[in-house]
Structures are given as C-alpha cells and as structure tokens.
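Novice: Please find target_13.tsv (TSV, C-alpha atoms) on the next line:
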chain	number	residue	atom	x	y	z
A	1	MET	CA	-14.57	-13.03	85.72
A	2	ILE	CA	-18.20	-13.72	84.87
A	3	ASP	CA	-20.37	-16.34	83.20
A	4	LEU	CA	-22.38	-15.29	80.15
A	5	ASN	CA	-25.63	-17.18	79.67
A	6	ALA	CA	-28.47	-17.11	77.16
A	7	ASP	CA	-31.71	-19.01	76.55
A	8	LEU	CA	-31.36	-21.49	73.70
A	9	GLY	CA	-33.40	-24.15	71.93
A	10	GLU	CA	-36.52	-22.03	72.03
A	11	GLY	CA	-38.26	-23.57	69.07
A	12	PHE	CA	-40.81	-26.26	68.43
A	13	GLY	CA	-41.30	-28.34	65.31
A	14	ARG	CA	-40.72	-26.15	62.26
A	15	TRP	CA	-40.81	-22.97	64.34
A	16	ARG	CA	-37.45	-21.64	65.59
A	17	LEU	CA	-36.91	-18.53	67.68
A	18	THR	CA	-33.26	-18.51	68.78
A	19	ASP	CA	-30.13	-18.52	66.60
A	20	ASP	CA	-28.55	-21.29	68.64
A	21	GLU	CA	-25.36	-21.80	66.66
A	22	ALA	CA	-24.47	-18.11	66.64
A	23	LEU	CA	-25.29	-17.64	70.33
A	24	LEU	CA	-23.15	-20.62	71.29
A	25	ALA	CA	-20.14	-18.83	69.82
A	26	SER	CA	-20.47	-16.15	72.53
A	27	VAL	CA	-21.93	-17.65	75.70
A	28	SER	CA	-20.30	-19.88	78.30
A	29	SER	CA	-23.56	-21.36	79.60
A	30	ALA	CA	-26.69	-22.35	77.66
A	31	ASN	CA	-30.13	-22.40	79.28
A	32	ILE	CA	-31.81	-25.00	77.07
A	33	ALA	CA	-35.60	-25.16	76.87
A	34	CYS	CA	-36.87	-28.54	78.09
A	35	GLY	CA	-40.15	-28.87	76.21
A	36	PHE	CA	-42.67	-27.10	78.45
A	37	HIS	CA	-42.40	-23.55	77.12
A	38	ALA	CA	-40.40	-24.45	73.98
A	39	GLY	CA	-37.98	-27.09	72.77
A	40	ASP	CA	-39.05	-30.38	71.23
A	41	PRO	CA	-36.87	-33.52	71.55
A	42	ALA	CA	-35.09	-32.98	68.22
A	43	THR	CA	-34.28	-29.38	69.15
A	44	MET	CA	-33.06	-30.38	72.60
A	45	ARG	CA	-30.81	-33.04	71.10
A	46	ARG	CA	-29.40	-30.70	68.45
A	47	VAL	CA	-28.61	-27.86	70.87
A	48	CYS	CA	-27.06	-30.19	73.45
A	49	ALA	CA	-24.80	-31.60	70.75
A	50	LEU	CA	-23.79	-28.12	69.61
A	51	ALA	CA	-23.15	-26.94	73.17
A	52	ALA	CA	-21.03	-29.98	74.01
A	53	GLU	CA	-19.04	-29.58	70.80
A	54	ARG	CA	-18.20	-25.98	71.71
A	55	GLY	CA	-17.49	-26.59	75.37
A	56	VAL	CA	-20.52	-24.61	76.58
A	57	ARG	CA	-22.14	-25.67	79.88
A	58	ILE	CA	-25.63	-27.12	79.54
A	59	GLY	CA	-28.37	-25.86	81.86
A	60	ALA	CA	-31.96	-27.06	82.12
A	61	GLN	CA	-34.37	-24.16	81.67
A	62	VAL	CA	-37.50	-25.46	83.35
A	63	SER	CA	-40.91	-23.85	82.99
A	64	TYR	CA	-44.60	-24.05	83.64
A	65	ARG	CA	-46.35	-26.31	81.12
A	66	ASP	CA	-47.30	-23.45	78.78
A	67	LEU	CA	-46.30	-23.83	75.12
A	68	ALA	CA	-49.03	-21.45	73.94
A	69	GLY	CA	-47.91	-18.68	76.30
A	70	PHE	CA	-44.17	-19.36	75.96
A	71	GLY	CA	-44.03	-19.98	79.70
A	72	ARG	CA	-44.70	-16.34	80.46
A	73	ARG	CA	-48.11	-16.81	82.10
A	74	SER	CA	-48.16	-17.40	85.85
A	75	MET	CA	-49.95	-20.61	86.80
A	76	ASP	CA	-51.16	-22.04	90.09
A	77	VAL	CA	-49.62	-25.50	89.92
A	78	PRO	CA	-49.82	-27.69	93.05
A	79	ALA	CA	-46.38	-28.04	94.65
A	80	ALA	CA	-46.10	-31.82	94.23
A	81	GLU	CA	-47.12	-31.57	90.58
A	82	LEU	CA	-44.67	-28.75	89.90
A	83	ALA	CA	-41.81	-30.65	91.54
A	84	ALA	CA	-42.53	-33.68	89.37
A	85	GLU	CA	-42.71	-31.55	86.21
A	86	VAL	CA	-39.40	-29.84	87.01
A	87	ALA	CA	-37.72	-33.22	87.57
A	88	TYR	CA	-39.25	-34.52	84.33
A	89	GLN	CA	-37.83	-31.63	82.32
A	90	ILE	CA	-34.36	-31.99	83.80
A	91	GLY	CA	-34.39	-35.71	83.14
A	92	ALA	CA	-35.44	-35.23	79.54
A	93	LEU	CA	-32.61	-32.81	78.85
A	94	GLU	CA	-30.10	-35.01	80.66
A	95	ILE	CA	-30.72	-37.81	78.14
A	96	PHE	CA	-29.61	-35.60	75.26
A	97	ALA	CA	-26.78	-33.97	77.22
A	98	ARG	CA	-25.30	-37.37	78.03
A	99	ALA	CA	-25.74	-38.55	74.45
A	100	ALA	CA	-23.60	-35.56	73.45
A	101	GLY	CA	-20.90	-36.49	75.94
A	102	SER	CA	-21.87	-33.82	78.45
A	103	ALA	CA	-24.35	-33.47	81.33
A	104	VAL	CA	-26.86	-31.04	82.78
A	105	ALA	CA	-24.73	-28.75	84.93
A	106	TYR	CA	-27.33	-26.41	86.48
A	107	VAL	CA	-31.02	-25.48	86.54
A	108	LYS	CA	-32.69	-22.15	85.81
A	109	PRO	CA	-36.45	-21.48	85.80
A	110	HIS	CA	-37.91	-19.66	82.80
A	111	GLY	CA	-40.30	-16.75	82.46
A	112	ALA	CA	-43.27	-16.73	84.81
A	113	LEU	CA	-41.84	-19.52	86.94
A	114	TYR	CA	-38.60	-17.54	87.41
A	115	ASN	CA	-40.53	-14.44	88.46
A	116	ARG	CA	-42.96	-16.36	90.66
A	117	THR	CA	-40.16	-18.01	92.63
A	118	VAL	CA	-38.67	-14.64	93.49
A	119	ARG	CA	-41.39	-14.14	96.13
A	120	ASP	CA	-43.44	-17.38	96.36
A	121	ASP	CA	-42.03	-19.73	99.00
A	122	GLU	CA	-44.19	-22.70	97.99
A	123	GLN	CA	-43.38	-22.55	94.28
A	124	ALA	CA	-39.71	-21.94	95.05
A	125	ALA	CA	-39.60	-24.99	97.33
A	126	ALA	CA	-41.33	-27.06	94.64
A	127	VAL	CA	-38.70	-26.15	92.06
A	128	VAL	CA	-35.94	-27.07	94.50
A	129	GLU	CA	-37.66	-30.37	95.27
A	130	GLY	CA	-37.84	-31.02	91.53
A	131	VAL	CA	-34.10	-30.48	91.23
A	132	ARG	CA	-33.50	-32.92	94.09
A	133	LEU	CA	-35.99	-35.42	92.68
A	134	SER	CA	-34.26	-35.40	89.30
A	135	GLY	CA	-31.20	-37.01	90.82
A	136	ALA	CA	-29.22	-33.90	91.69
A	137	GLY	CA	-25.61	-34.07	90.69
A	138	MET	CA	-26.06	-35.99	87.46
A	139	GLY	CA	-22.61	-35.96	85.91
A	140	ALA	CA	-21.56	-32.95	87.99
A	141	GLY	CA	-20.06	-34.69	91.02
A	142	GLY	CA	-22.49	-33.02	93.42
A	143	PRO	CA	-25.87	-31.31	93.72
A	144	LEU	CA	-27.00	-29.30	90.71
A	145	PRO	CA	-26.59	-25.53	91.13
A	146	VAL	CA	-29.69	-23.34	90.86
A	147	LEU	CA	-29.41	-20.09	88.92
A	148	GLY	CA	-31.66	-17.23	90.03
A	149	LEU	CA	-32.20	-13.62	91.07
A	150	PRO	CA	-30.26	-12.36	94.12
A	151	GLY	CA	-32.46	-12.26	97.21
A	152	SER	CA	-35.09	-14.54	95.70
A	153	ARG	CA	-37.01	-17.17	97.63
A	154	LEU	CA	-35.73	-19.66	95.07
A	155	LEU	CA	-32.08	-19.18	96.00
A	156	ALA	CA	-32.96	-19.17	99.69
A	157	ALA	CA	-34.82	-22.49	99.34
A	158	ALA	CA	-31.99	-23.98	97.29
A	159	ALA	CA	-29.39	-22.99	99.87
A	160	GLU	CA	-31.52	-24.40	102.68
A	161	ALA	CA	-31.76	-27.70	100.78
A	162	GLY	CA	-27.99	-27.84	100.34
A	163	LEU	CA	-27.95	-26.98	96.64
A	164	PRO	CA	-25.32	-24.57	95.28
A	165	THR	CA	-26.76	-21.21	94.29
A	166	VAL	CA	-25.65	-18.86	91.54
A	167	GLU	CA	-26.80	-15.23	91.45
A	168	GLU	CA	-27.42	-13.74	88.02
A	169	ALA	CA	-28.07	-10.32	86.57
A	170	PHE	CA	-29.76	-9.23	83.34
A	171	ALA	CA	-28.11	-6.91	80.86
A	172	ASP	CA	-31.28	-6.34	78.88
A	173	ARG	CA	-33.98	-6.15	81.56
A	174	ALA	CA	-35.14	-3.13	83.56
A	175	TYR	CA	-34.88	-3.31	87.35
A	176	ARG	CA	-37.20	-1.97	90.02
A	177	PRO	CA	-35.70	-0.14	93.02
A	178	ASP	CA	-36.15	-3.29	95.14
A	179	GLY	CA	-33.88	-5.28	92.82
A	180	THR	CA	-36.63	-7.26	91.09
A	181	LEU	CA	-37.26	-7.20	87.35
A	182	VAL	CA	-39.88	-4.96	85.78
A	183	PRO	CA	-42.66	-7.28	84.49
A	184	ARG	CA	-42.71	-7.73	80.73
A	185	SER	CA	-46.31	-6.48	80.74
A	186	GLU	CA	-45.01	-3.01	81.61
A	187	GLU	CA	-43.50	-0.57	79.13
A	188	GLY	CA	-39.71	-0.44	79.19
A	189	ALA	CA	-39.29	-3.86	80.80
A	190	VAL	CA	-36.83	-4.91	78.09
A	191	VAL	CA	-33.81	-2.73	77.23
A	192	THR	CA	-33.65	-2.71	73.43
A	193	ASP	CA	-30.86	-0.21	72.76
A	194	PRO	CA	-27.74	-2.33	72.02
A	195	GLU	CA	-25.33	0.34	73.24
A	196	GLN	CA	-27.20	0.61	76.51
A	197	VAL	CA	-27.17	-3.18	76.96
A	198	ILE	CA	-23.41	-3.26	76.38
A	199	LYS	CA	-22.73	-0.44	78.85
A	200	ARG	CA	-24.92	-2.12	81.47
A	201	SER	CA	-23.12	-5.44	80.91
A	202	VAL	CA	-19.69	-3.95	81.54
A	203	ARG	CA	-20.84	-2.06	84.60
A	204	LEU	CA	-22.52	-5.18	86.02
A	205	ALA	CA	-19.47	-7.36	85.48
A	206	ARG	CA	-16.80	-4.86	86.49
A	207	ASP	CA	-18.50	-2.80	89.19
A	208	GLY	CA	-21.38	-5.00	90.35
A	209	GLU	CA	-23.90	-2.21	89.75
A	210	ILE	CA	-27.13	-1.67	87.83
A	211	VAL	CA	-29.34	1.44	87.62
A	212	ALA	CA	-33.01	0.97	88.54
A	213	THR	CA	-35.94	2.66	86.82
A	214	ASP	CA	-35.97	5.47	89.39
A	215	GLY	CA	-32.29	6.24	88.82
A	216	MET	CA	-31.09	4.49	91.98
A	217	THR	CA	-27.82	2.56	91.68
A	218	LEU	CA	-28.29	-1.00	92.92
A	219	THR	CA	-25.61	-3.44	94.03
A	220	ALA	CA	-25.81	-6.45	91.72
A	221	ARG	CA	-22.84	-8.70	92.30
A	222	ALA	CA	-23.66	-11.66	90.10
A	223	ARG	CA	-21.65	-14.67	88.95
A	224	SER	CA	-23.65	-14.94	85.72
A	225	LEU	CA	-24.93	-12.40	83.23
A	226	CYS	CA	-27.93	-13.16	81.01
A	227	VAL	CA	-28.50	-11.87	77.50
A	228	HIS	CA	-31.86	-13.06	76.20
A	229	GLY	CA	-31.77	-15.14	73.03
A	230	ASP	CA	-35.21	-14.09	71.80
A	231	THR	CA	-34.51	-10.36	71.48
A	232	PRO	CA	-33.94	-8.82	68.03
A	233	ASP	CA	-30.43	-9.53	66.66
A	234	ALA	CA	-29.60	-11.37	69.90
A	235	ALA	CA	-26.61	-13.27	68.50
A	236	ARG	CA	-24.85	-10.13	67.31
A	237	LEU	CA	-25.61	-8.40	70.61
A	238	ALA	CA	-24.20	-11.32	72.62
A	239	ARG	CA	-21.04	-11.23	70.52
A	240	ARG	CA	-20.60	-7.51	71.12
A	241	VAL	CA	-21.25	-7.91	74.84
A	242	ARG	CA	-18.55	-10.57	75.03
A	243	GLU	CA	-16.11	-8.43	73.05
A	244	GLU	CA	-16.68	-5.37	75.25
A	245	LEU	CA	-16.41	-7.39	78.46
A	246	THR	CA	-13.12	-8.85	77.28
A	247	SER	CA	-11.85	-5.39	76.32
A	248	ALA	CA	-12.74	-4.18	79.80
A	249	GLY	CA	-10.59	-6.92	81.33
A	250	VAL	CA	-13.43	-9.25	82.27
A	251	ARG	CA	-12.86	-12.97	81.66
A	252	ILE	CA	-15.82	-15.00	80.38
A	253	ARG	CA	-15.96	-18.34	82.15
A	254	ALA	CA	-18.77	-20.75	83.07
A	255	PHE	CA	-19.61	-20.83	86.77
A	256	ALA	CA	-20.34	-24.58	86.78
Can you present the structure in this file as structure tokens?
Specialist:
Amino acid sequence: MIDLNADLGEGFGRWRLTDDEALLASVSSANIACGFHAGDPATMRRVCALAAERGVRIGAQVSYRDLAGFGRRSMDVPAAELAAEVAYQIGALEIFARAAGSAVAYVKPHGALYNRTVRDDEQAAAVVEGVRLSGAGMGAGGPLPVLGLPGSRLLAAAAEAGLPTVEEAFADRAYRPDGTLVPRSEEGAVVTDPEQVIKRSVRLARDGEIVATDGMTLTARARSLCVHGDTPDAARLARRVREELTSAGVRIRAFA
C-alpha cells in the first residue's frame, strides 16, 4: 500500500501549469500551492473544492516567497520570518479546504525549500515551527504530518517536535548515491521517459528500492510516492503509474 501524491494548483491568474482535474483522478494526496511559488486565492479555492469532491487528501505545499522563480531558487530567509510565512501559507489554504468541507491534512515544502531542509537545520526547524504556529492539527485530530525526504533534517526536526513524519520517494527524479535528489540545475535530474518512471514507481512501491545515478541500488521505503504535476503529459503519466501499481498488487491509499 502506498500514497500517490502530486503538486497541484500551480497557476496564477490566467496562467495555469497543472491539469488539476485530470491529476485528481489518479492521486490520493494533493500538494496544493499556497500562493508563494504559485497558486492565487481563486486557484486554491477551486482545487480544494475539486480535491474534497473526489476524496483526495489536501496538503499545503509551502515555499519560499518566489513567484518569479517558481520557488526553485534558494533564499536566505531569517528563521522567524520563514516560520511566519509557512504558517501564513498553511492558514490561507485551510480557509479554502474548510470551505470545501475538508481540511489541510499535511504539509510538504516545495522546490528550493524542500531541498534546503534536507541538510539545513535552521531552515528545517523554521518550517517545523511554522507548522506548529499554524495551529497544528486543524481538522485532523492531532499535529499535522510533515512530508519529506528520508534522512532529511526536516523530518528529524519534525519528529523532535512531536509532529508525525511521512517519508516520500520520487518516481521521476534522479537520485544521488547518498539518497538525495540530483539538483534540477544538473542534466538528467528529471526522468522524462514514461516507461522508466512507471518501472521505478513499481519497484519503489513493491520492493522499496531505487537506482542511483552511479548504478547503486538504494533502499527507499516510502509511504508516499510523488509524480510531479508540471512534467509533460503529467496527468496521463500519473494515470498509468496508478494502473501499473494496481496491477502489481499495490493499493493506492492516502497516508493521512
């Protein structure tokens, strides 16, 4: 059994990147942009309503304040400021989740913030403080889970603060031998071959393994599997991943 998540609501104004309706037909958890890297209020409201209607868990995808760079530029934000901005984003999404009859069920950093919190203790602690500051447990009956990379400082900080942690793996991202993701600035960071993504997804879910760039087989026992919503033909790929996982005897079910 594994959760299948994707990034949704990544648009702003008249610009739309993700095919939210189609992706929601395949995923069990939706990482919804909260306005800092993408996602305006109307988009957030629309996607929350769609997710609630389809029984998909709603997650707050928090980011650095970086619309122009799509949240993929690392920033040196003071810890107190970052914590407040994380709480602000979660709170904004919670309004629309509740209006749809649902609630924010977990938190996942986006882009540069996700990668930064793999190794940066201060930024990781700030994100966790933001989750706590937001009023952790809104509608969930307990503290909000934090979704992140296995072995990251983020998950360590979350566990230390008493927040549930959820380890995730990426079907369409290349891994370094140390288990971290290859930066998007490097060639081959994103796996674009659909057949390869599908094979990796099944192996991750069934065997808990992923092959690194040097050919080493890594242990990657994750409770959630991410398929990015901004890759070409992402909705069709997510559907095929779900179909192949099901055929391989893997149940798709939200972790939260």
Novice: Just the residues within 8 Å of stretch 169-176 of chain A, please, counting all atoms listed in the file, with nothing from its chain fewer than 2 positions along; format it as an mmCIF file with C-alpha atoms, in the frame of the given file.
Specialist:
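Everything below was put into out-v9.cif:
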data_model
loop_
_atom_site.group_PDB
_atom_site.id
_atom_site.type_symbol
_atom_site.label_atom_id
_atom_site.label_comp_id
_atom_site.auth_asym_id
_atom_site.auth_seq_id
_atom_site.Cartn_x
_atom_site.Cartn_y
_atom_site.Cartn_z
ATOM 1 C CA LEU A 149 -32.200 -13.620 91.070
ATOM 2 C CA GLU A 167 -26.800 -15.230 91.450
ATOM 3 C CA ASP A 178 -36.150 -3.290 95.140
ATOM 4 C CA GLY A 179 -33.880 -5.280 92.820
ATOM 5 C CA THR A 180 -36.630 -7.260 91.090
ATOM 6 C CA LEU A 181 -37.260 -7.200 87.350
ATOM 7 C CA VAL A 182 -39.880 -4.960 85.780
ATOM 8 C CA GLY A 188 -39.710 -0.440 79.190
ATOM 9 C CA ALA A 189 -39.290 -3.860 80.800
ATOM 10 C CA VAL A 190 -36.830 -4.910 78.090
ATOM 11 C CA VAL A 191 -33.810 -2.730 77.230
ATOM 12 C CA THR A 192 -33.650 -2.710 73.430
ATOM 13 C CA VAL A 197 -27.170 -3.180 76.960
ATOM 14 C CA ILE A 198 -23.410 -3.260 76.380
ATOM 15 C CA ARG A 200 -24.920 -2.120 81.470
ATOM 16 C CA SER A 201 -23.120 -5.440 80.910
ATOM 17 C CA LEU A 204 -22.520 -5.180 86.020
ATOM 18 C CA ILE A 210 -27.130 -1.670 87.830
ATOM 19 C CA VAL A 211 -29.340 1.440 87.620
ATOM 20 C CA ALA A 212 -33.010 0.970 88.540
ATOM 21 C CA THR A 213 -35.940 2.660 86.820
ATOM 22 C CA ASP A 214 -35.970 5.470 89.390
ATOM 23 C CA ALA A 220 -25.810 -6.450 91.720
ATOM 24 C CA ARG A 221 -22.840 -8.700 92.300
ATOM 25 C CA ALA A 222 -23.660 -11.660 90.100
ATOM 26 C CA SER A 224 -23.650 -14.940 85.720
ATOM 27 C CA LEU A 225 -24.930 -12.400 83.230
ATOM 28 C CA CYS A 226 -27.930 -13.160 81.010
ATOM 29 C CA VAL A 227 -28.500 -11.870 77.500
ATOM 30 C CA HIS A 228 -31.860 -13.060 76.200
#
Novice: Would you mind telling me which residue in A:Arg132, A:Arg206, A:Asp193, A:Pro143 lies nearest to A:Asp233 when using all atoms listed in the file?
Specialist: A:Asp193
Novice: Would you mind reading off the distance between atom CA of A:Ala99 and atom CA of A:Gly71, one decimal, in Å?
Specialist: 26.6 Å
Novice: How far is it from atom CA of A:Gly162 to atom CA of A:Val62, in Å with one decimal?
Specialist: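 These atoms are spaced 19.6 Å apart.
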Novice: Could you jot down the atom CA of A:Ala124 to atom CA of A:Leu82 separation for me, Å, one decimal place?
Specialist: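 According to the coordinates, atom CA of A:Ala124 and atom CA of A:Leu82 are separated by 9.9 Å.
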Novice: Can you list, as a VMD selection string, every protein, DNA or RNA residue that comes within 12 Å of stretch 114-116 of chain A when you count all atoms listed in the file, leaving out same-chain residues fewer than 2 positions away?
Specialist: chain A and resid 61 to 64 71 to 77 107 to 112 118 to 127 146 to 150 152 to 155 168 180 to 184
Novice: If you keep C-alpha atoms, can you produce a file of those selected residues as a CSV table (one decimal), keeping the file's coordinate frame?
Specialist:
chain,number,residue,atom,x,y,z
A,61,GLN,CA,-34.4,-24.2,81.7
A,62,VAL,CA,-37.5,-25.5,83.4
A,63,SER,CA,-40.9,-23.8,83.0
A,64,TYR,CA,-44.6,-24.0,83.6
A,71,GLY,CA,-44.0,-20.0,79.7
A,72,ARG,CA,-44.7,-16.3,80.5
A,73,ARG,CA,-48.1,-16.8,82.1
A,74,SER,CA,-48.2,-17.4,85.8
A,75,MET,CA,-50.0,-20.6,86.8
A,76,ASP,CA,-51.2,-22.0,90.1
A,77,VAL,CA,-49.6,-25.5,89.9
A,107,VAL,CA,-31.0,-25.5,86.5
A,108,LYS,CA,-32.7,-22.2,85.8
A,109,PRO,CA,-36.4,-21.5,85.8
A,110,HIS,CA,-37.9,-19.7,82.8
A,111,GLY,CA,-40.3,-16.8,82.5
A,112,ALA,CA,-43.3,-16.7,84.8
A,118,VAL,CA,-38.7,-14.6,93.5
A,119,ARG,CA,-41.4,-14.1,96.1
A,120,ASP,CA,-43.4,-17.4,96.4
A,121,ASP,CA,-42.0,-19.7,99.0
A,122,GLU,CA,-44.2,-22.7,98.0
A,123,GLN,CA,-43.4,-22.6,94.3
A,124,ALA,CA,-39.7,-21.9,95.0
A,125,ALA,CA,-39.6,-25.0,97.3
A,126,ALA,CA,-41.3,-27.1,94.6
A,127,VAL,CA,-38.7,-26.2,92.1
A,146,VAL,CA,-29.7,-23.3,90.9
A,147,LEU,CA,-29.4,-20.1,88.9
A,148,GLY,CA,-31.7,-17.2,90.0
A,149,LEU,CA,-32.2,-13.6,91.1
A,150,PRO,CA,-30.3,-12.4,94.1
A,152,SER,CA,-35.1,-14.5,95.7
A,153,ARG,CA,-37.0,-17.2,97.6
A,154,LEU,CA,-35.7,-19.7,95.1
A,155,LEU,CA,-32.1,-19.2,96.0
A,168,GLU,CA,-27.4,-13.7,88.0
A,180,THR,CA,-36.6,-7.3,91.1
A,181,LEU,CA,-37.3,-7.2,87.4
A,182,VAL,CA,-39.9,-5.0,85.8
A,183,PRO,CA,-42.7,-7.3,84.5
A,184,ARG,CA,-42.7,-7.7,80.7
Novice: Counting only C-alpha atoms, which residue out of A:Leu23, A:Arg16, A:Gly69, A:Tyr106 sits closest to A:Ala234?
Specialist: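 Looking only at the distances to A:Ala234, the closest residue turns out to be A:Leu23.
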Novice: For A:Phe70, which of A:Gly130, A:Thr165, A:Ala33, A:Arg203 is the closest residue, counting only C-alpha atoms?
Specialist: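 Nearest to A:Phe70: A:Ala33.
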Novice: Hey, which of A:Ala205, A:Phe36, A:Glu129, A:Ile95 ends up closest to A:Glu244? Count only C-alpha atoms.
Specialist: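 The shortest atom-to-atom distance to A:Glu244 comes from A:Ala205.
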Novice: Residues around (-38.8, -23.5, 69.6), cut-off 10 Å, counting only C-alpha atoms - what are they as a compact mmCIF listing (two decimals) with C-alpha atoms, in the frame of the given file?
Specialist:
# COMPACT_ATOMS: atom_id res chain seq x y z
CA LEU A 8 -31.36 -21.49 73.70
CA GLY A 9 -33.40 -24.15 71.93
CA GLU A 10 -36.52 -22.03 72.03
CA GLY A 11 -38.26 -23.57 69.07
CA PHE A 12 -40.81 -26.26 68.43
CA GLY A 13 -41.30 -28.34 65.31
CA ARG A 14 -40.72 -26.15 62.26
CA TRP A 15 -40.81 -22.97 64.34
CA ARG A 16 -37.45 -21.64 65.59
CA LEU A 17 -36.91 -18.53 67.68
CA THR A 18 -33.26 -18.51 68.78
CA ALA A 33 -35.60 -25.16 76.87
CA GLY A 35 -40.15 -28.87 76.21
CA HIS A 37 -42.40 -23.55 77.12
CA ALA A 38 -40.40 -24.45 73.98
CA GLY A 39 -37.98 -27.09 72.77
CA ASP A 40 -39.05 -30.38 71.23
CA THR A 43 -34.28 -29.38 69.15
CA MET A 44 -33.06 -30.38 72.60
CA LEU A 67 -46.30 -23.83 75.12
CA PHE A 70 -44.17 -19.36 75.96
Novice: Given only C-alpha atoms as the basis, pick out the residue of A:Ala42, A:Ala30, A:Pro145, A:Pro177 nearest to A:Leu218.
Specialist: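 For A:Leu218, the nearest of the given residues is A:Pro177.
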Novice: Pick the closest to A:Ala103 from A:Gly142, A:Gly208, A:Gly135, A:Gly59: which is it, counting all atoms listed in the file?
Specialist: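 Smallest distance to A:Ala103 is found for A:Gly59.
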Novice: Need the shell around A:Ala92: protein/DNA/RNA residues with any atom at most 9 Å away, counting only C-alpha atoms. Skip same-chain ones fewer than 4 positions apart. Format as a PyMOL selection string?
Specialist: chain A and resi 34-35+41+44+87-88+96
Novice: Let me see the file: selected residues, C-alpha atoms, as a compact mmCIF listing (two decimals), in the coordinates of the input.
Specialist:
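Writing done, so here's result_13.txt:
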# COMPACT_ATOMS: atom_id res chain seq x y z
CA CYS A 34 -36.87 -28.54 78.09
CA GLY A 35 -40.15 -28.87 76.21
CA PRO A 41 -36.87 -33.52 71.55
CA MET A 44 -33.06 -30.38 72.60
CA ALA A 87 -37.72 -33.22 87.57
CA TYR A 88 -39.25 -34.52 84.33
CA PHE A 96 -29.61 -35.60 75.26
Novice: Is there a way to complete stretch 23-41 of chain A with N, CA and C atoms and then write that out as a PDB file, in the frame of the given file?
Specialist:
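Output file result_20.pdb is given in full below:
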ATOM      1  N   LEU A  23     -25.359 -17.972  68.912  1.00  0.00           N
ATOM      2  CA  LEU A  23     -25.290 -17.640  70.330  1.00  0.00           C
ATOM      3  C   LEU A  23     -24.240 -18.488  71.048  1.00  0.00           C
ATOM      4  N   LEU A  24     -24.111 -19.740  70.647  1.00  0.00           N
ATOM      5  CA  LEU A  24     -23.150 -20.620  71.290  1.00  0.00           C
ATOM      6  C   LEU A  24     -21.701 -20.199  71.051  1.00  0.00           C
ATOM      7  N   ALA A  25     -21.491 -19.349  70.073  1.00  0.00           N
ATOM      8  CA  ALA A  25     -20.140 -18.830  69.820  1.00  0.00           C
ATOM      9  C   ALA A  25     -19.761 -17.761  70.847  1.00  0.00           C
ATOM     10  N   SER A  26     -20.734 -17.248  71.599  1.00  0.00           N
ATOM     11  CA  SER A  26     -20.470 -16.150  72.530  1.00  0.00           C
ATOM     12  C   SER A  26     -20.656 -16.505  73.994  1.00  0.00           C
ATOM     13  N   VAL A  27     -21.604 -17.384  74.307  1.00  0.00           N
ATOM     14  CA  VAL A  27     -21.930 -17.650  75.700  1.00  0.00           C
ATOM     15  C   VAL A  27     -21.060 -18.754  76.286  1.00  0.00           C
ATOM     16  N   SER A  28     -21.013 -18.806  77.612  1.00  0.00           N
ATOM     17  CA  SER A  28     -20.300 -19.880  78.300  1.00  0.00           C
ATOM     18  C   SER A  28     -21.260 -20.873  78.942  1.00  0.00           C
ATOM     19  N   SER A  29     -22.529 -20.479  79.071  1.00  0.00           N
ATOM     20  CA  SER A  29     -23.560 -21.360  79.600  1.00  0.00           C
ATOM     21  C   SER A  29     -24.835 -21.204  78.771  1.00  0.00           C
ATOM     22  N   ALA A  30     -25.480 -22.349  78.492  1.00  0.00           N
ATOM     23  CA  ALA A  30     -26.690 -22.350  77.660  1.00  0.00           C
ATOM     24  C   ALA A  30     -27.874 -22.855  78.454  1.00  0.00           C
ATOM     25  N   ASN A  31     -28.887 -22.000  78.618  1.00  0.00           N
ATOM     26  CA  ASN A  31     -30.130 -22.400  79.280  1.00  0.00           C
ATOM     27  C   ASN A  31     -31.027 -23.007  78.207  1.00  0.00           C
ATOM     28  N   ILE A  32     -31.117 -24.327  78.164  1.00  0.00           N
ATOM     29  CA  ILE A  32     -31.810 -25.000  77.070  1.00  0.00           C
ATOM     30  C   ILE A  32     -33.237 -25.332  77.459  1.00  0.00           C
ATOM     31  N   ALA A  33     -34.188 -24.899  76.631  1.00  0.00           N
ATOM     32  CA  ALA A  33     -35.600 -25.160  76.870  1.00  0.00           C
ATOM     33  C   ALA A  33     -35.848 -26.669  76.902  1.00  0.00           C
ATOM     34  N   CYS A  34     -36.675 -27.102  77.833  1.00  0.00           N
ATOM     35  CA  CYS A  34     -36.870 -28.540  78.090  1.00  0.00           C
ATOM     36  C   CYS A  34     -38.224 -29.073  77.652  1.00  0.00           C
ATOM     37  N   GLY A  35     -38.926 -28.336  76.783  1.00  0.00           N
ATOM     38  CA  GLY A  35     -40.150 -28.870  76.210  1.00  0.00           C
ATOM     39  C   GLY A  35     -41.440 -28.298  76.753  1.00  0.00           C
ATOM     40  N   PHE A  36     -41.409 -27.583  77.868  1.00  0.00           N
ATOM     41  CA  PHE A  36     -42.670 -27.100  78.450  1.00  0.00           C
ATOM     42  C   PHE A  36     -43.056 -25.709  77.980  1.00  0.00           C
ATOM     43  N   HIS A  37     -42.065 -24.856  77.707  1.00  0.00           N
ATOM     44  CA  HIS A  37     -42.400 -23.550  77.120  1.00  0.00           C
ATOM     45  C   HIS A  37     -41.919 -23.477  75.675  1.00  0.00           C
ATOM     46  N   ALA A  38     -40.963 -24.334  75.327  1.00  0.00           N
ATOM     47  CA  ALA A  38     -40.400 -24.450  73.980  1.00  0.00           C
ATOM     48  C   ALA A  38     -39.454 -25.643  74.013  1.00  0.00           C
ATOM     49  N   GLY A  39     -38.963 -26.033  72.829  1.00  0.00           N
ATOM     50  CA  GLY A  39     -37.980 -27.090  72.770  1.00  0.00           C
ATOM     51  C   GLY A  39     -38.573 -28.476  72.628  1.00  0.00           C
ATOM     52  N   ASP A  40     -38.617 -28.995  71.422  1.00  0.00           N
ATOM     53  CA  ASP A  40     -39.050 -30.380  71.230  1.00  0.00           C
ATOM     54  C   ASP A  40     -37.831 -31.289  71.328  1.00  0.00           C
ATOM     55  N   PRO A  41     -38.023 -32.620  71.375  1.00  0.00           N
ATOM     56  CA  PRO A  41     -36.870 -33.520  71.550  1.00  0.00           C
ATOM     57  C   PRO A  41     -35.766 -33.334  70.514  1.00  0.00           C
TER      58      PRO A  41
END
